[in-house]
Amino acid sequence: MKLLVIGKEGRLAHYTDASVLEKYEIAYVPIGSSDEKILENGADADFILVDAISTVSRNVIEKMPNLKMIHSEGVAFNKIDTDAAKDHGVYVCNCKGMNASAVAEQAILLMLGLLRGVATGDAAVRSGNQIKVKENYMLTGSLRELRDCTVGLVGFGDIARETALLAKAFGAKIVYNCRTPKSAEVEETYGANYMDLDSLLRESDIVSLHVPVTPATAGMVNEEFLSKMKEGSYLINTSRGELVEADALLSAIRSGHIAGAGLDTVTGEPITVDNPMLQAEDEVEKKILYSCHVGGITASSFARGYAMFWSDLDKVVRGERPDHIVNGM
């Protein structure tokens, strides 16, 4: 049987035992390959493993007669035509939960980094201004502890719940918003209480995004959303850059309405120096803490994800339903 991998060659082999790989013919095409390139290398493939940022179109699906399953290498699957797959009896699966603990750690890292001025402090030491910056912090009292904050989680899936557990350990007050409030038992487990979105934005010192990109959520963090946030609060985004309107965020920081942002992801990846987020004046730029979309790519996350993939593939080979279906098959 044949497996087509749309993504970076090497990862599959790194996280998979060689004895498993030997059972399959494996072809690779790079991220961003055209439909023609994909079909040239894998029209006869039985399975597709696709990087979460790569596209699998209806055209590709319709021209792969042996195709049985398309599996995201990560959690996201919004660039796979799930309707086309369903129309042709093809499972679409993802690695739900593979990176929950890792991304939650990244969210907490960004929160702490902003509250404690990590980037500013690092720059101060390197430039020989340690004492000046330290004395300013002591005078203004601007460094804060997470335990003194209300953390508002927008969305309450796997990653948000892991974030809640970590924030709970720090002693923070945790509130959340999602389409359906959770049971009292779930709220007690995670130490979180439901709030409507407007109340969450008004009450939270830190607003952390944990929703997927959909037509309903794309650009949800706009001027109106930001205007409802508590004055002096912070925005954290470890989900997808497309959730946030860059100009609106920069304006909210520039005006001083929000204190800053911690961003693991930005619209327009891969980010280049001409990205609008990097063109702001220094006074705005220094209030944004970036990381390079690494929240979910720990070694443990990949090990969990590839274990899910091979488990799903084995089940399909045996004529069984895989465990991580996302297209309603």
# chains A, B, ... in the order shown; residues from 1 in each chain; ligands from 1
>>> residues_around(residues="Asp17 in chain A", least_positions_apart="6", cutoff="12 Å", atoms="only C-alpha atoms", output="ChimeraX atom specification")
/A:11,23,303,306-307,310
>>> write_last_selection(atoms="all heavy atoms", output="PDB file, in the first residue's frame")
ATOM      1  N   ARG A  11      10.512  13.943   9.052  1.00  0.00           N
ATOM      2  CA  ARG A  11       9.795  13.869  10.325  1.00  0.00           C
ATOM      3  C   ARG A  11       9.168  12.492  10.521  1.00  0.00           C
ATOM      4  O   ARG A  11       9.229  11.926  11.621  1.00  0.00           O
ATOM      5  CB  ARG A  11       8.721  14.954  10.397  1.00  0.00           C
ATOM      6  CG  ARG A  11       9.269  16.367  10.536  1.00  0.00           C
ATOM      7  CD  ARG A  11       8.237  17.337  11.051  1.00  0.00           C
ATOM      8  NE  ARG A  11       7.113  17.531  10.169  1.00  0.00           N
ATOM      9  CZ  ARG A  11       6.855  18.649   9.493  1.00  0.00           C
ATOM     10  NH1 ARG A  11       7.682  19.669   9.586  1.00  0.00           N
ATOM     11  NH2 ARG A  11       5.786  18.748   8.736  1.00  0.00           N
ATOM     12  N   LYS A  23       6.747  -1.395   5.557  1.00  0.00           N
ATOM     13  CA  LYS A  23       5.513  -2.032   5.097  1.00  0.00           C
ATOM     14  C   LYS A  23       4.826  -1.243   3.984  1.00  0.00           C
ATOM     15  O   LYS A  23       3.898  -1.744   3.353  1.00  0.00           O
ATOM     16  CB  LYS A  23       4.530  -2.190   6.260  1.00  0.00           C
ATOM     17  CG  LYS A  23       5.026  -3.070   7.396  1.00  0.00           C
ATOM     18  CD  LYS A  23       4.002  -3.086   8.528  1.00  0.00           C
ATOM     19  CE  LYS A  23       4.483  -3.903   9.703  1.00  0.00           C
ATOM     20  NZ  LYS A  23       3.494  -3.890  10.838  1.00  0.00           N
ATOM     21  N   ALA A 303       5.557  12.758  18.931  1.00  0.00           N
ATOM     22  CA  ALA A 303       5.472  11.327  19.230  1.00  0.00           C
ATOM     23  C   ALA A 303       4.024  10.909  19.421  1.00  0.00           C
ATOM     24  O   ALA A 303       3.580   9.865  18.899  1.00  0.00           O
ATOM     25  CB  ALA A 303       6.289  11.006  20.466  1.00  0.00           C
ATOM     26  N   TYR A 306       2.163  11.101  15.807  1.00  0.00           N
ATOM     27  CA  TYR A 306       2.447  10.003  14.880  1.00  0.00           C
ATOM     28  C   TYR A 306       1.893   8.683  15.396  1.00  0.00           C
ATOM     29  O   TYR A 306       1.482   7.823  14.599  1.00  0.00           O
ATOM     30  CB  TYR A 306       3.944   9.913  14.617  1.00  0.00           C
ATOM     31  CG  TYR A 306       4.414  10.946  13.626  1.00  0.00           C
ATOM     32  CD1 TYR A 306       5.170  12.044  14.028  1.00  0.00           C
ATOM     33  CD2 TYR A 306       4.061  10.851  12.285  1.00  0.00           C
ATOM     34  CE1 TYR A 306       5.572  13.008  13.117  1.00  0.00           C
ATOM     35  CE2 TYR A 306       4.465  11.809  11.366  1.00  0.00           C
ATOM     36  CZ  TYR A 306       5.218  12.887  11.791  1.00  0.00           C
ATOM     37  OH  TYR A 306       5.603  13.838  10.885  1.00  0.00           O
ATOM     38  N   ALA A 307       1.828   8.512  16.716  1.00  0.00           N
ATOM     39  CA  ALA A 307       1.194   7.314  17.256  1.00  0.00           C
ATOM     40  C   ALA A 307      -0.284   7.281  16.877  1.00  0.00           C
ATOM     41  O   ALA A 307      -0.829   6.217  16.524  1.00  0.00           O
ATOM     42  CB  ALA A 307       1.368   7.265  18.773  1.00  0.00           C
ATOM     43  N   TRP A 310      -0.527   6.382  12.996  1.00  0.00           N
ATOM     44  CA  TRP A 310      -0.312   4.968  12.663  1.00  0.00           C
ATOM     45  C   TRP A 310      -1.428   4.083  13.212  1.00  0.00           C
ATOM     46  O   TRP A 310      -1.820   3.095  12.583  1.00  0.00           O
ATOM     47  CB  TRP A 310       1.050   4.507  13.181  1.00  0.00           C
ATOM     48  CG  TRP A 310       2.179   5.017  12.353  1.00  0.00           C
ATOM     49  CD1 TRP A 310       3.157   5.885  12.727  1.00  0.00           C
ATOM     50  CD2 TRP A 310       2.452   4.692  10.979  1.00  0.00           C
ATOM     51  NE1 TRP A 310       4.012   6.145  11.680  1.00  0.00           N
ATOM     52  CE2 TRP A 310       3.602   5.414  10.601  1.00  0.00           C
ATOM     53  CE3 TRP A 310       1.827   3.880  10.041  1.00  0.00           C
ATOM     54  CZ2 TRP A 310       4.149   5.335   9.319  1.00  0.00           C
ATOM     55  CZ3 TRP A 310       2.367   3.796   8.763  1.00  0.00           C
ATOM     56  CH2 TRP A 310       3.515   4.522   8.410  1.00  0.00           C
TER      57      TRP A 310
END
>>> closest_atom_pairs(of="range 150-169 of chain A", to="range 107-114 of chain A", cutoff="9 Å", atoms="only C-alpha atoms", output="Markdown table")
| residue | atom | partner | partner_atom | distance |
| --- | --- | --- | --- | --- |
| A:Thr163 | CA | A:Ala107 | CA | 7.1 |
| A:Leu166 | CA | A:Ile108 | CA | 7.4 |
| A:Ala167 | CA | A:Ile108 | CA | 7.2 |
>>> write_last_selection(atoms="N, CA, C and O atoms", output="PDB file, in the first residue's frame")
ATOM      1  N   THR A 163      -4.498  24.664  29.632  1.00  0.00           N
ATOM      2  CA  THR A 163      -4.075  25.995  30.068  1.00  0.00           C
ATOM      3  C   THR A 163      -4.718  26.354  31.398  1.00  0.00           C
ATOM      4  O   THR A 163      -4.072  26.927  32.288  1.00  0.00           O
ATOM      5  N   LEU A 166      -2.902  24.651  34.279  1.00  0.00           N
ATOM      6  CA  LEU A 166      -1.630  25.298  34.613  1.00  0.00           C
ATOM      7  C   LEU A 166      -1.863  26.638  35.305  1.00  0.00           C
ATOM      8  O   LEU A 166      -1.201  26.955  36.305  1.00  0.00           O
ATOM      9  N   ALA A 167      -2.799  27.432  34.780  1.00  0.00           N
ATOM     10  CA  ALA A 167      -3.091  28.729  35.398  1.00  0.00           C
ATOM     11  C   ALA A 167      -3.646  28.538  36.812  1.00  0.00           C
ATOM     12  O   ALA A 167      -3.351  29.320  37.723  1.00  0.00           O
TER      13      ALA A 167
END
>>> residues_around(residues="Met308 in chain A", least_positions_apart="4", cutoff="7 Å", atoms="only C-alpha atoms", output="PyMOL selection string")
chain A and resi 95+304+312
>>> write_last_selection(atoms="N, CA and C atoms", output="PDB file, in the first residue's frame")
ATOM      1  N   CYS A  95      -4.985  14.821  14.653  1.00  0.00           N
ATOM      2  CA  CYS A  95      -4.317  14.353  15.874  1.00  0.00           C
ATOM      3  C   CYS A  95      -4.828  15.153  17.068  1.00  0.00           C
ATOM      4  N   ARG A 304       3.246  11.711  20.143  1.00  0.00           N
ATOM      5  CA  ARG A 304       1.822  11.403  20.331  1.00  0.00           C
ATOM      6  C   ARG A 304       1.070  11.457  19.003  1.00  0.00           C
ATOM      7  N   ASP A 312      -4.599   5.024  13.489  1.00  0.00           N
ATOM      8  CA  ASP A 312      -5.718   5.204  12.567  1.00  0.00           C
ATOM      9  C   ASP A 312      -5.487   4.468  11.256  1.00  0.00           C
TER      10      ASP A 312
END
>>> select_by_dssp(residues="range 180-216 of chain A", states="helix (DSSP H, G or I)", output="list of chain:residue names")
A:Ala184, A:Glu185, A:Val186, A:Glu187, A:Glu188, A:Thr189, A:Tyr190, A:Leu197, A:Asp198, A:Ser199, A:Leu200, A:Leu201, A:Arg202, A:Glu203
>>> closest_atom_pairs(of="range 245-302 of chain A", to="range 52-70 of chain A", cutoff="12 Å", atoms="only C-alpha atoms", output="CSV")
residue,atom,partner,partner_atom,distance
A:Gly268,CA,A:Ile53,CA,11.9
A:Glu269,CA,A:Ile53,CA,9.8
A:Pro270,CA,A:Ile53,CA,10.8
A:Gly296,CA,A:Ala52,CA,11.7
A:Ile297,CA,A:Ala52,CA,11.9
>>> atom_distance(atom1="CA of Ala259 in chain A", atom2="CA of Arg202 in chain A")
14.3 Å
>>> closest_atom_pairs(of="range 123-163 of chain A", to="range 180-190 of chain A", cutoff="9 Å", atoms="only C-alpha atoms", output="CSV")
residue,atom,partner,partner_atom,distance
A:Phe156,CA,A:Lys182,CA,8.9
A:Arg161,CA,A:Tyr190,CA,6.5
A:Glu162,CA,A:Tyr190,CA,8.2
>>> closest_residue(among="A:Val118, A:Ile271, A:Ile6, A:Val90", to="Lys287 in chain A", atoms="only C-alpha atoms")
A:Val118
>>> closest_residue(among="A:Gly141, A:Gly171, A:Pro212, A:Gly191", to="Phe77 in chain A", atoms="only C-alpha atoms")
A:Pro212
>>> residues_around(residues="Tyr24 in chain A", least_positions_apart="5", cutoff="12 Å", atoms="only C-alpha atoms", output="count of residues only")
14
>>> residues_around(residues="Met277 in chain A", least_positions_apart="2", cutoff="10 Å", atoms="only C-alpha atoms", output="PyMOL selection string")
chain A and resi 246-247+249-250+266-268+271-275+279-281+284-285+288
